[in-house]
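What follows is a set of notes on a single structure, which appears directly below.
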Amino acid sequence: MSTLSIKRISATASPAPGIRSTPEYAKLVDISSCIGCKGCEVACKEWNDLKVEPTANFGSYQSHKDLSAHTWLLMRFDEVEMSGRVQWLIKKDACLHCEDPGCLSACPAPGAIVQYENGIVDINHEHCIGCQFCVTGCPFDIPRFDKETKKVYKCNMCVDRVEAGLEPACVKTCPTHAISWGSKEDMLSLAEHKVDLLKDRGFENPVTYNPAGVGGTHMMYVVPHGNHLADYRLPANPTASPLPLTGLGVLKRIGAYLLGVGVLSSLVHYLTIGPQAAEDLHPHDH
Amino acid sequence: MTNHWKDIKNADVVLVMGANPAENHPCGFKWALEARNTRRAQLVTIDPRFTRTSAVADEHLQIRPGSDIALLGGLVRYILTNNLHHADYVRAHTNASFIIGERFSFEDGLFSGFDEATSQYDASTWEYDRAPDGYVRRDVTLEHPRSVFQLLKQHYDRYTPERVAQITGCSEEDFLRIAKIVCSTGTADRVGTIMYAVGWTMHTVGTQIIRTAAIVQLLLGNIGRPGGGINALRGHANVQGATDHAIVAGILPGYLRVPQPSQTSLASHLEASTPQPLVRDTANYWGNYPKFFVSQLKAWFGDRAQPDNEFGYHYLGKMEEDATWLSIWDQAHQGKLEGFIALGFNSLLAGPNVSRLLEAMAKLKWKVVIDPFMMDSAEFWKAPGMKPSEIDTEVLYLPTTHWIERDGSFTNSGRWAQWKEKAIDAPIGVRSDTWILSELFWRVKELYIAEGGAYDEPIQSLTWNYLNPREPTMTELAQEINGSDLTSGRRLSSFGELKEDGSTASGNWLYSGSYPEAGNQMARRATEDPTGLGMHHGWAWSWPLNRRVLYNRASADQDGAPWDGTRSGIAWNGREWIGDVPDYGRTTPPGAMGAFIMTEEGVARLFSPLLKDGPIPEHYEPVESPTVNVLHERVPINPVLRWYDGIRETLAQENDRHAYPYPCTIYRVVEREHFVTSNVPYLVEAMPDFFVEVPEGLAAEKGIENGGQVRVWSRRGEVQGTAIVTKRIGPLTVNGRTVWTIGVPVHWGFVGITQGSMANELTPFIGDANTGCPEFKAFLVNVEAVEKRG
Ligand code: SF4
Ligand code: SF4
């Protein structure tokens, strides 16, 4: 497991704040500088050893119709008309790493989703029970279920790179520097600067996308036409609406995902004993 | 490029036309965004399609493929009628004041000197008016009716906004909006750059399109200045290097000339190739041609190149037939070509009219393909529709190392030669290009030694002095190219040291100084930038002489003061020029000679008597065009094209415009690099299939659905693929009629992870009047919805 300090764990009372002061990181995607080259998309696959999926052109420059367990980052291409002018909206779609992650709150499996102090929201697949509550819990429709492994996958912000002091693979690859990486604070002020620049260039409604409903995000966007968020497929007011963690519905659904009694009892154990025992969980040994 | 990649950040206006750098040069394109983001530069695209570059541009203007000269000519007129030109620059640094001879004229689409019988111009009617002393007459007031300035005004007077709109298909208002931005840099404190690529060169008027752009830039005073220039974006990492080392037909390394059959002696070749000064105050640097040429012969033939055998001049082939791409394949088509060695490219997919090319290839006795990957070109006999049993061509495929598996240099678009290390080992058994070519040389030579043969002297005399003569190292080759003083044996540090007497050798004069005694300059990696303009003189090495901006003398006024002190190219401090490596004598005072030291005129040419198709660019339609030429109906297309036998019949004729109503253009996409990436799984995943871009309005008319299948056909062939129905190509109104444009990418063939139609099935077998570069970028097609193929 990671040496990163943990801030929050799914289905678990929050751990006591650690003593180490870790910086909170953020990635900033400047849509006005993105040329849709998919360098980041490919880098993401390469770094994370994600397999090649068979794709077919479906009438778009977009490679895949949607994100998948094997494609955590998808460049979306949408043509729209705004005040009589054609715009080609090209947007990097991947996990936003919310401050209040809907996935994490929705997740009933102890330790399956963690949020580190640095802001990264990550799935621990050894603890993921494949119930897909996170999928419904995510206001941005990011996590994807894989039928083969019966687990859920998404961008982990290249946590292994970040832990080693490197920027995420997508950031490193971007040829136009459309993606920036740094402390959340620095990225917020960079975003402000970029928004000002866009105003200078005559854009009427540029905004920083860092929605309050989820406590802000650790991937933020600079959106040139902030009054057209829907065209960029960005929800205007996303919220983390956690599902209840208890109740028959949950257990039924969990049951549907072939989990043995061992896991269920571990789950109960985890829910009652707390995070300290997280390392004792072995969901596969039952 | 006259300038270099990083220099684009210094521009106030970036015009991208005939290029799509976001797509094809994403890494270099960041500097255009840097200009946009840090200087508030305006980024403008002019293109038949709204591209990924347009997606981040401030302005986009859609024009019809092949109407570029009309558009640019319109800009010239806009500049001249609104007095937007940089008057001091134009007077000091261009041939605006030169007087043209009385025989020059232009009427109804033809320049003076046109010979109907040969379809060629007699360029002597375009010559300058000479004074009795032999030098050109000038009128610095620019008012003489035959001054270049006035002739230019007169010529482009026809290119009114209305005409521009009528030809290109854009609206007058849109043209004027763009013209206002692009032509806003004709002042000392503003600079604009132009980025172009094969979107300009691949036309029957390709060279003239680029000339028109050069005229725009010269009138605005943008050539030679940081942030300015006319910048050719080269397609692959080392295309610039390949060009410098003579990949183009008709030149020897360093842009020296291939001897003509009429040049029966070295002296006659030198005389014909060495320009004479046209004014008193020009450096006329090409006057040094004999030094470059003789040194090259010495590099090639060493001790066997002596004064008494004209330094081996007769060992060089004399070019009877031009050896451009189309001519080669025309010869093959006629069955006159025995064999073909293709190294470093996919020769089947890279040329126009694939079916004709396949016919031609099938007539070869043998074909050798040297490449890291098995590819369509090596398997042409398996192409769809071919009958392998009927083809006798013997094909040899030699796997060779990929550039990532060997060291050497890349020369980028900005002329920076950058040394690179090998990154990974080649697979076992795979040989380098240098091994293969050396081996070829030795086997031929050994055959000559053993058996003798007709005229074996050139091969027998070739120098091959390498430590391992069967596989020279890249370092040895680089040093040989750099050249040396044959008396002292020391490597040269500048082409200024080259001699005409055979005492120096240099494989390519332009690269003299890249590998002097001090070491490999191309391998330097100092990141300091004292100029603050991104010149980085300690990073790698750029030709010539590590100069970062060509013609930089023109970045300063007549007294040597920079037009703009914040973006100074070079500046005269009273004793010497400081800043960039001066394109001028370092201690030559400002007024001593013209700023453009390479020309006989000493200044830049607004009017150029050197091209085959006219001294002032004129709009001619593509050979397949949806409209008459509204400027001169009787001369619709470039009148001096080379027509190979049987080609007219492969073109849509005027009377079947209705059968092929849509202009079409071909291009690349960022996910793929030409054809080589069809072997890279992640990149194929990112852009899997061949597609056709169809404008929304046309799709509605034709019942074409987004994601559905379409067939596109020209007089020459057809393609089929997925339709991308798009808003990014709008309707144009060309000469009163609605015209829709179709787009087709080039990356597919029948070899690779995914297969798809070959775009060049559609393209015409006809090339630019000067370079022979095929007209890939503008031709006519039809389109329909079809069922998906089985
Ligand atoms: S941060 Fe890493 S995992 Fe996430 S999208 Fe970027 S490259 Fe992919
Ligand atoms: S690498 Fe950068 S420019 Fe390319 S698609 Fe990703 S964000 Fe956009």
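Letters for chains follow the order of the structure tokens (A, B, ...), residue numbers begin at 1 for each chain, and ligand numbers begin at 1 in the order shown.
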Report task. Name the residues in contact with A:Lys184 at a cut-off of 8 Å, using only C-alpha atoms, excluding same-chain residues fewer than 5 positions from it; report them as an MDAnalysis selection string. Result -> chainID A and resid 24:27 218
Query raised in the report: Which neighbours of stretch 223-228 of chain A fall inside 6 Å, counting only C-alpha atoms, when residues of the same chain fewer than 2 positions from it are skipped, and could you give them as a ChimeraX atom specification?
Result: /A:31,205-207,221,230-231
Query raised in the report: Do you know which residues are at most 12 Å from B:Arg91 counting only C-alpha atoms, after dropping those on the same chain fewer than 2 positions away, and could you put them as a PyMOL selection string?
Result: chain B and resi 85-89+93-98+138-143+147-149+218-221+554+557-558+594-595+603-606
Requested in this report: Give as a PyMOL selection string every residue of chain B that touches chain A within 9 Å, counting only C-alpha atoms.
Outcome: chain B and resi 22-23+26-31+33-34+36-38+40+42+50-58+669-671+681-693+705-708+722-728
Could you list, with a cut-off of 9 Å and counting only C-alpha atoms and all ligand atoms, the residues of chain A near ligand 1, each shown with its nearest atom pair and the distance in Å rounded to one decimal, rows sorted by chain and ascending number, as CSV?
```
residue,atom,partner,partner_atom_place_in_ligand_line,distance
A:Lys27,CA,ligand 1,1 (S),8.3
A:Cys40,CA,ligand 1,7 (S),6.4
A:Glu41,CA,ligand 1,8 (Fe),7.1
A:Val42,CA,ligand 1,7 (S),8.4
A:Ala43,CA,ligand 1,7 (S),6.1
A:Cys44,CA,ligand 1,7 (S),3.6
A:Lys45,CA,ligand 1,8 (Fe),6.9
A:Glu46,CA,ligand 1,7 (S),8.5
A:Trp47,CA,ligand 1,7 (S),6.9
A:Asn48,CA,ligand 1,3 (S),6.6
A:Thr71,CA,ligand 1,8 (Fe),8.4
A:Trp72,CA,ligand 1,8 (Fe),5.8
A:Leu73,CA,ligand 1,5 (S),4.8
A:Leu74,CA,ligand 1,5 (S),8.3
A:Lys92,CA,ligand 1,5 (S),8.5
A:Asp93,CA,ligand 1,5 (S),8.0
A:Ala94,CA,ligand 1,5 (S),5.5
A:Cys95,CA,ligand 1,4 (Fe),6.8
A:Leu96,CA,ligand 1,4 (Fe),8.9
A:Lys154,CA,ligand 1,3 (S),7.2
A:Cys155,CA,ligand 1,4 (Fe),3.8
A:Asn156,CA,ligand 1,3 (S),4.7
A:Met157,CA,ligand 1,1 (S),3.2
A:Cys158,CA,ligand 1,2 (Fe),3.8
A:Val159,CA,ligand 1,2 (Fe),7.4
A:Arg161,CA,ligand 1,2 (Fe),8.3
A:Glu167,CA,ligand 1,1 (S),8.2
A:Pro168,CA,ligand 1,1 (S),4.7
A:Ala169,CA,ligand 1,7 (S),4.3
A:Cys170,CA,ligand 1,7 (S),4.2
A:Val171,CA,ligand 1,6 (Fe),6.7
A:Lys172,CA,ligand 1,7 (S),8.7
A:Thr173,CA,ligand 1,7 (S),8.8
A:Met219,CA,ligand 1,1 (S),8.9
```
Saved selection, atoms kept: C-alpha atoms, as a PDB file, in the first residue's frame:
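File again-v7.pdb, as written:
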```
ATOM      1  CA  LYS A  27      -4.465  19.197 -12.268  1.00  0.00           C
ATOM      2  CA  CYS A  40      -2.718  12.271 -22.864  1.00  0.00           C
ATOM      3  CA  GLU A  41      -5.215   9.557 -23.693  1.00  0.00           C
ATOM      4  CA  VAL A  42      -2.508   7.300 -25.055  1.00  0.00           C
ATOM      5  CA  ALA A  43      -0.044   8.184 -22.287  1.00  0.00           C
ATOM      6  CA  CYS A  44      -2.659   7.228 -19.719  1.00  0.00           C
ATOM      7  CA  LYS A  45      -3.054   3.828 -21.323  1.00  0.00           C
ATOM      8  CA  GLU A  46       0.667   3.292 -21.593  1.00  0.00           C
ATOM      9  CA  TRP A  47       1.559   4.330 -18.096  1.00  0.00           C
ATOM     10  CA  ASN A  48      -1.261   2.385 -16.519  1.00  0.00           C
ATOM     11  CA  THR A  71      -9.896   3.682 -21.012  1.00  0.00           C
ATOM     12  CA  TRP A  72      -9.719   6.018 -18.053  1.00  0.00           C
ATOM     13  CA  LEU A  73      -9.189   9.147 -20.063  1.00  0.00           C
ATOM     14  CA  LEU A  74     -11.213   9.949 -23.143  1.00  0.00           C
ATOM     15  CA  LYS A  92     -10.496  15.656 -21.597  1.00  0.00           C
ATOM     16  CA  ASP A  93     -12.859  13.385 -19.741  1.00  0.00           C
ATOM     17  CA  ALA A  94     -11.477  11.586 -16.694  1.00  0.00           C
ATOM     18  CA  CYS A  95     -11.924  11.467 -12.934  1.00  0.00           C
ATOM     19  CA  LEU A  96     -12.129  14.908 -11.360  1.00  0.00           C
ATOM     20  CA  LYS A 154     -11.055   4.932 -13.136  1.00  0.00           C
ATOM     21  CA  CYS A 155      -8.215   7.422 -13.296  1.00  0.00           C
ATOM     22  CA  ASN A 156      -6.087   7.219 -10.162  1.00  0.00           C
ATOM     23  CA  MET A 157      -4.234  10.432 -10.962  1.00  0.00           C
ATOM     24  CA  CYS A 158      -1.197   8.238 -11.570  1.00  0.00           C
ATOM     25  CA  VAL A 159      -0.871   7.940  -7.832  1.00  0.00           C
ATOM     26  CA  ARG A 161       3.946   8.687 -10.174  1.00  0.00           C
ATOM     27  CA  GLU A 167       3.442  14.636 -12.396  1.00  0.00           C
ATOM     28  CA  PRO A 168       0.714  12.364 -13.832  1.00  0.00           C
ATOM     29  CA  ALA A 169       1.427  10.823 -17.225  1.00  0.00           C
ATOM     30  CA  CYS A 170      -1.187  12.901 -19.041  1.00  0.00           C
ATOM     31  CA  VAL A 171       0.317  16.124 -17.712  1.00  0.00           C
ATOM     32  CA  LYS A 172       3.804  15.091 -18.718  1.00  0.00           C
ATOM     33  CA  THR A 173       2.713  14.209 -22.241  1.00  0.00           C
ATOM     34  CA  MET A 219      -8.889  18.141 -11.752  1.00  0.00           C
TER      35      MET A 219
END
```
Requested in this report: Fewer than 6 positions away in the same chain doesn't count, so skip those; otherwise give me all residues within 10 Å of A:Phe145, counting only C-alpha atoms, as a list in words.
Outcome: Ser68, Ala69, His70, Gly130, Cys131, Gln132, Cys134, Val135, Lys151, Val152, Tyr153 and Lys154 of chain A
Atoms to include: N, CA and C atoms. Write the selected residues as an mmCIF file, in the first residue's frame.
```
data_model
loop_
_atom_site.group_PDB
_atom_site.id
_atom_site.type_symbol
_atom_site.label_atom_id
_atom_site.label_comp_id
_atom_site.auth_asym_id
_atom_site.auth_seq_id
_atom_site.Cartn_x
_atom_site.Cartn_y
_atom_site.Cartn_z
ATOM 1 N N SER A 68 -14.132 3.505 -20.297
ATOM 2 C CA SER A 68 -14.338 2.103 -19.964
ATOM 3 C C SER A 68 -13.323 1.720 -18.902
ATOM 4 N N ALA A 69 -13.410 0.470 -18.454
ATOM 5 C CA ALA A 69 -12.457 -0.010 -17.456
ATOM 6 C C ALA A 69 -11.034 0.016 -18.000
ATOM 7 N N HIS A 70 -10.924 0.057 -19.328
ATOM 8 C CA HIS A 70 -9.594 0.062 -19.945
ATOM 9 C C HIS A 70 -9.242 1.416 -20.540
ATOM 10 N N GLY A 130 -17.273 -4.691 -6.347
ATOM 11 C CA GLY A 130 -17.954 -4.680 -7.643
ATOM 12 C C GLY A 130 -19.427 -4.337 -7.579
ATOM 13 N N CYS A 131 -19.868 -3.691 -6.509
ATOM 14 C CA CYS A 131 -21.296 -3.394 -6.369
ATOM 15 C C CYS A 131 -21.737 -2.225 -7.238
ATOM 16 N N GLN A 132 -20.800 -1.440 -7.667
ATOM 17 C CA GLN A 132 -21.034 -0.296 -8.559
ATOM 18 C C GLN A 132 -21.815 0.856 -7.915
ATOM 19 N N CYS A 134 -20.440 3.190 -6.462
ATOM 20 C CA CYS A 134 -19.637 4.364 -6.813
ATOM 21 C C CYS A 134 -20.054 4.901 -8.179
ATOM 22 N N VAL A 135 -20.422 3.963 -9.063
ATOM 23 C CA VAL A 135 -20.806 4.381 -10.410
ATOM 24 C C VAL A 135 -22.017 5.300 -10.328
ATOM 25 N N LYS A 151 -14.730 -5.592 -11.048
ATOM 26 C CA LYS A 151 -14.289 -4.465 -10.226
ATOM 27 C C LYS A 151 -14.538 -3.186 -11.010
ATOM 28 N N VAL A 152 -14.388 -2.091 -10.304
ATOM 29 C CA VAL A 152 -14.616 -0.793 -10.938
ATOM 30 C C VAL A 152 -13.277 -0.068 -11.105
ATOM 31 N N TYR A 153 -13.143 0.636 -12.209
ATOM 32 C CA TYR A 153 -11.868 1.292 -12.516
ATOM 33 C C TYR A 153 -12.078 2.752 -12.914
ATOM 34 N N LYS A 154 -11.060 3.527 -12.701
ATOM 35 C CA LYS A 154 -11.055 4.932 -13.136
ATOM 36 C C LYS A 154 -9.653 5.506 -12.976
#
```
Query raised in the report: Which residue, B:Pro372, B:Gly513, B:Pro277, B:Pro161, has the smallest gap to B:Met593 when you use only C-alpha atoms?
Result: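 Of B:Pro372, B:Gly513, B:Pro277, B:Pro161, the one nearest B:Met593, counting only C-alpha atoms, is B:Pro277.
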Query raised in the report: By how many Å are atom CA of B:Trp329 and atom CA of B:Met361 apart?
Result: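 These atoms are spaced 8.1 Å apart.
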Report task. Determine which residues of stretch 83-237 of chain A DSSP labels as helix (DSSP H, G or I) from the backbone of this structure, then write them out as a PyMOL selection string. Result -> chain A and resi 102-106+133-137+159-163+169-173+184-200+212-214+226-232
Output of the above residues as a compact mmCIF listing (two decimals), in the first residue's frame, restricted to C-alpha atoms:
```
# COMPACT_ATOMS: atom_id res chain seq x y z
CA GLY A 102 -19.54 10.88 -4.40
CA CYS A 103 -18.02 7.53 -5.24
CA LEU A 104 -16.30 7.22 -1.93
CA SER A 105 -19.36 8.19 0.07
CA ALA A 106 -21.47 5.74 -1.89
CA PHE A 133 -22.47 2.05 -5.98
CA CYS A 134 -19.64 4.36 -6.81
CA VAL A 135 -20.81 4.38 -10.41
CA THR A 136 -24.15 5.77 -9.36
CA GLY A 137 -22.60 7.94 -6.71
CA VAL A 159 -0.87 7.94 -7.83
CA ASP A 160 2.30 5.89 -8.24
CA ARG A 161 3.95 8.69 -10.17
CA VAL A 162 2.71 11.36 -7.81
CA GLU A 163 4.00 9.40 -4.85
CA ALA A 169 1.43 10.82 -17.23
CA CYS A 170 -1.19 12.90 -19.04
CA VAL A 171 0.32 16.12 -17.71
CA LYS A 172 3.80 15.09 -18.72
CA THR A 173 2.71 14.21 -22.24
CA LYS A 184 -4.30 23.23 -5.61
CA GLU A 185 -3.60 26.77 -4.53
CA ASP A 186 -1.20 27.41 -7.40
CA MET A 187 -3.55 25.82 -9.89
CA LEU A 188 -6.39 28.02 -8.70
CA SER A 189 -4.38 31.14 -9.26
CA LEU A 190 -3.14 29.84 -12.61
CA ALA A 191 -6.76 29.22 -13.54
CA GLU A 192 -7.64 32.75 -12.57
CA HIS A 193 -4.84 34.05 -14.75
CA LYS A 194 -6.02 31.92 -17.67
CA VAL A 195 -9.57 33.11 -17.27
CA ASP A 196 -8.37 36.70 -17.31
CA LEU A 197 -6.41 35.99 -20.45
CA LEU A 198 -9.50 34.60 -22.14
CA LYS A 199 -11.46 37.69 -21.15
CA ASP A 200 -8.69 39.74 -22.66
CA ALA A 212 -18.59 23.79 -5.00
CA GLY A 213 -21.23 21.06 -4.79
CA VAL A 214 -18.48 18.47 -4.51
CA GLY A 226 -18.57 28.97 -19.20
CA ASN A 227 -22.19 29.68 -20.09
CA HIS A 228 -22.29 26.50 -22.18
CA LEU A 229 -21.18 23.96 -19.60
CA ALA A 230 -23.66 21.39 -20.87
CA ASP A 231 -22.07 21.52 -24.32
CA TYR A 232 -18.80 20.52 -22.69
```
**Report entry** Expected answer as a PyMOL selection string: strand (DSSP E or B) residues in stretch 88-257 of chain A
**Finding:** chain A and resi 88-93+98+113-116+121-123+144-146+151-153+179-183+207-209+217+219-223
Output for the residues just chosen: C-alpha atoms as an mmCIF file, in the first residue's frame:
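Saved the output as out-v1.cif:
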```
data_model
loop_
_atom_site.group_PDB
_atom_site.id
_atom_site.type_symbol
_atom_site.label_atom_id
_atom_site.label_comp_id
_atom_site.auth_asym_id
_atom_site.auth_seq_id
_atom_site.Cartn_x
_atom_site.Cartn_y
_atom_site.Cartn_z
ATOM 1 C CA TRP A 88 -15.241 22.232 -31.865
ATOM 2 C CA LEU A 89 -15.356 21.476 -28.177
ATOM 3 C CA ILE A 90 -12.596 19.101 -27.238
ATOM 4 C CA LYS A 91 -12.618 17.975 -23.648
ATOM 5 C CA LYS A 92 -10.496 15.656 -21.597
ATOM 6 C CA ASP A 93 -12.859 13.385 -19.741
ATOM 7 C CA CYS A 98 -13.571 15.619 -5.938
ATOM 8 C CA ILE A 113 -12.045 3.771 -2.207
ATOM 9 C CA VAL A 114 -9.621 6.031 -0.453
ATOM 10 C CA GLN A 115 -8.890 9.679 -0.637
ATOM 11 C CA TYR A 116 -5.369 10.729 0.158
ATOM 12 C CA VAL A 121 -9.262 9.544 -4.974
ATOM 13 C CA ASP A 122 -8.230 5.981 -5.656
ATOM 14 C CA ILE A 123 -9.840 2.582 -5.854
ATOM 15 C CA ARG A 144 -16.528 1.981 -15.054
ATOM 16 C CA PHE A 145 -17.271 -1.621 -14.139
ATOM 17 C CA ASP A 146 -15.278 -4.403 -15.731
ATOM 18 C CA LYS A 151 -14.289 -4.465 -10.226
ATOM 19 C CA VAL A 152 -14.616 -0.793 -10.938
ATOM 20 C CA TYR A 153 -11.868 1.292 -12.516
ATOM 21 C CA ILE A 179 -2.630 20.420 -18.608
ATOM 22 C CA SER A 180 -0.832 21.880 -15.619
ATOM 23 C CA TRP A 181 0.045 20.243 -12.339
ATOM 24 C CA GLY A 182 0.844 21.705 -8.938
ATOM 25 C CA SER A 183 -0.598 22.587 -5.593
ATOM 26 C CA VAL A 207 -14.808 30.211 -16.021
ATOM 27 C CA THR A 208 -12.789 27.954 -13.796
ATOM 28 C CA TYR A 209 -14.649 24.719 -13.295
ATOM 29 C CA THR A 217 -12.150 19.122 -7.554
ATOM 30 C CA MET A 219 -8.889 18.141 -11.752
ATOM 31 C CA MET A 220 -10.204 21.543 -12.703
ATOM 32 C CA TYR A 221 -10.961 23.002 -16.090
ATOM 33 C CA VAL A 222 -10.617 26.414 -17.609
ATOM 34 C CA VAL A 223 -13.730 26.567 -19.756
#
```
**Report entry** Near-B:His236 list (9 Å; only C-alpha atoms; drop same-chain fewer than 2 positions) as a VMD selection string
**Finding:** chain B and resid 234 238 to 240 412 to 413 673 to 674
The selected residues should be written to file as a short mmCIF file (atom, residue, chain, number, x, y, z; two decimals), in the first residue's frame (atoms: all heavy atoms).
```cif
data_model
loop_
_atom_site.label_atom_id
_atom_site.label_comp_id
_atom_site.auth_asym_id
_atom_site.auth_seq_id
_atom_site.Cartn_x
_atom_site.Cartn_y
_atom_site.Cartn_z
N ARG B 234 7.91 21.12 -41.67
CA ARG B 234 8.26 19.89 -42.37
C ARG B 234 7.58 18.69 -41.74
O ARG B 234 7.37 18.64 -40.55
CB ARG B 234 9.78 19.73 -42.38
CG ARG B 234 10.55 20.99 -42.82
CD ARG B 234 10.09 21.54 -44.16
NE ARG B 234 10.05 20.56 -45.21
CZ ARG B 234 11.04 20.30 -46.05
NH1 ARG B 234 12.16 20.96 -45.99
NH2 ARG B 234 10.91 19.38 -46.97
N ASN B 238 12.96 14.56 -39.76
CA ASN B 238 14.20 14.91 -40.45
C ASN B 238 13.98 15.25 -41.92
O ASN B 238 14.90 15.14 -42.73
CB ASN B 238 15.21 13.76 -40.32
CG ASN B 238 16.63 14.22 -40.55
OD1 ASN B 238 16.95 15.40 -40.40
ND2 ASN B 238 17.48 13.30 -40.95
N VAL B 239 12.78 15.68 -42.29
CA VAL B 239 12.56 16.01 -43.70
C VAL B 239 13.43 17.19 -44.12
O VAL B 239 13.95 17.25 -45.23
CB VAL B 239 11.08 16.31 -43.98
CG1 VAL B 239 10.92 16.95 -45.34
CG2 VAL B 239 10.29 15.01 -43.96
N GLN B 240 13.63 18.13 -43.19
CA GLN B 240 14.49 19.27 -43.54
C GLN B 240 15.90 18.76 -43.83
O GLN B 240 16.52 19.15 -44.83
CB GLN B 240 14.52 20.30 -42.40
CG GLN B 240 15.29 21.55 -42.74
CD GLN B 240 14.68 22.30 -43.91
OE1 GLN B 240 13.49 22.57 -43.94
NE2 GLN B 240 15.47 22.61 -44.92
N ASN B 412 15.45 19.81 -37.79
CA ASN B 412 14.02 20.11 -37.69
C ASN B 412 13.62 21.22 -38.65
O ASN B 412 14.47 21.78 -39.36
CB ASN B 412 13.63 20.41 -36.23
CG ASN B 412 14.14 21.74 -35.72
OD1 ASN B 412 14.60 22.60 -36.50
ND2 ASN B 412 14.08 21.94 -34.43
N SER B 413 12.35 21.56 -38.66
CA SER B 413 11.85 22.57 -39.59
C SER B 413 12.60 23.89 -39.46
O SER B 413 12.78 24.61 -40.43
CB SER B 413 10.37 22.84 -39.33
OG SER B 413 9.63 21.65 -39.39
N GLU B 673 1.15 8.83 -37.79
CA GLU B 673 2.23 9.48 -38.50
C GLU B 673 2.38 8.78 -39.84
O GLU B 673 2.95 7.68 -39.91
CB GLU B 673 3.54 9.45 -37.71
CG GLU B 673 4.49 10.52 -38.18
CD GLU B 673 5.84 9.98 -38.62
OE1 GLU B 673 5.98 8.77 -38.80
OE2 GLU B 673 6.75 10.78 -38.81
N HIS B 674 1.84 9.40 -40.84
CA HIS B 674 1.83 8.83 -42.17
C HIS B 674 1.37 7.37 -42.10
O HIS B 674 0.28 7.11 -41.64
CB HIS B 674 3.21 8.98 -42.82
CG HIS B 674 3.11 9.56 -44.19
ND1 HIS B 674 4.17 9.71 -45.02
CD2 HIS B 674 2.05 10.00 -44.88
CE1 HIS B 674 3.78 10.24 -46.17
NE2 HIS B 674 2.50 10.42 -46.09
#
```
Query raised in the report: Can you tell me, as an MDAnalysis selection string, what residues are no more than 9 Å from B:Gln418 when counting only C-alpha atoms, ignoring any on the same chain fewer than 6 positions away?
Result: chainID B and resid 408:412 521:524 539:542
Requested in this report: Write out as a list in words each polymer residue whose atoms come within 10 Å of B:Phe301, counting only C-alpha atoms; drop sequence neighbours fewer than 4 positions from it.
Outcome: Ser295, Gln296, Leu297, Ala305, Gln306, Phe311, Gly312, Tyr313, Tyr315, Pro458, Ile459, Gln460, Ser461, Leu462, Thr463, Trp464 and Ala505 of chain B
Report summary line: Restricting to only C-alpha atoms and all ligand atoms, whichever of A:Arg76, A:Lys147, A:Arg20, A:Arg233 is closest to ligand 2 is A:Arg76
Requested in this report: Find the distance between atom CA of A:Gly119 and atom 3 (S, counted along the ligand's line) of ligand 2 and write it in Å to one decimal.
Outcome: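 Atom 3 (S, counted along the ligand's line) of ligand 2 lies at a distance of 23.7 Å from atom CA of A:Gly119.
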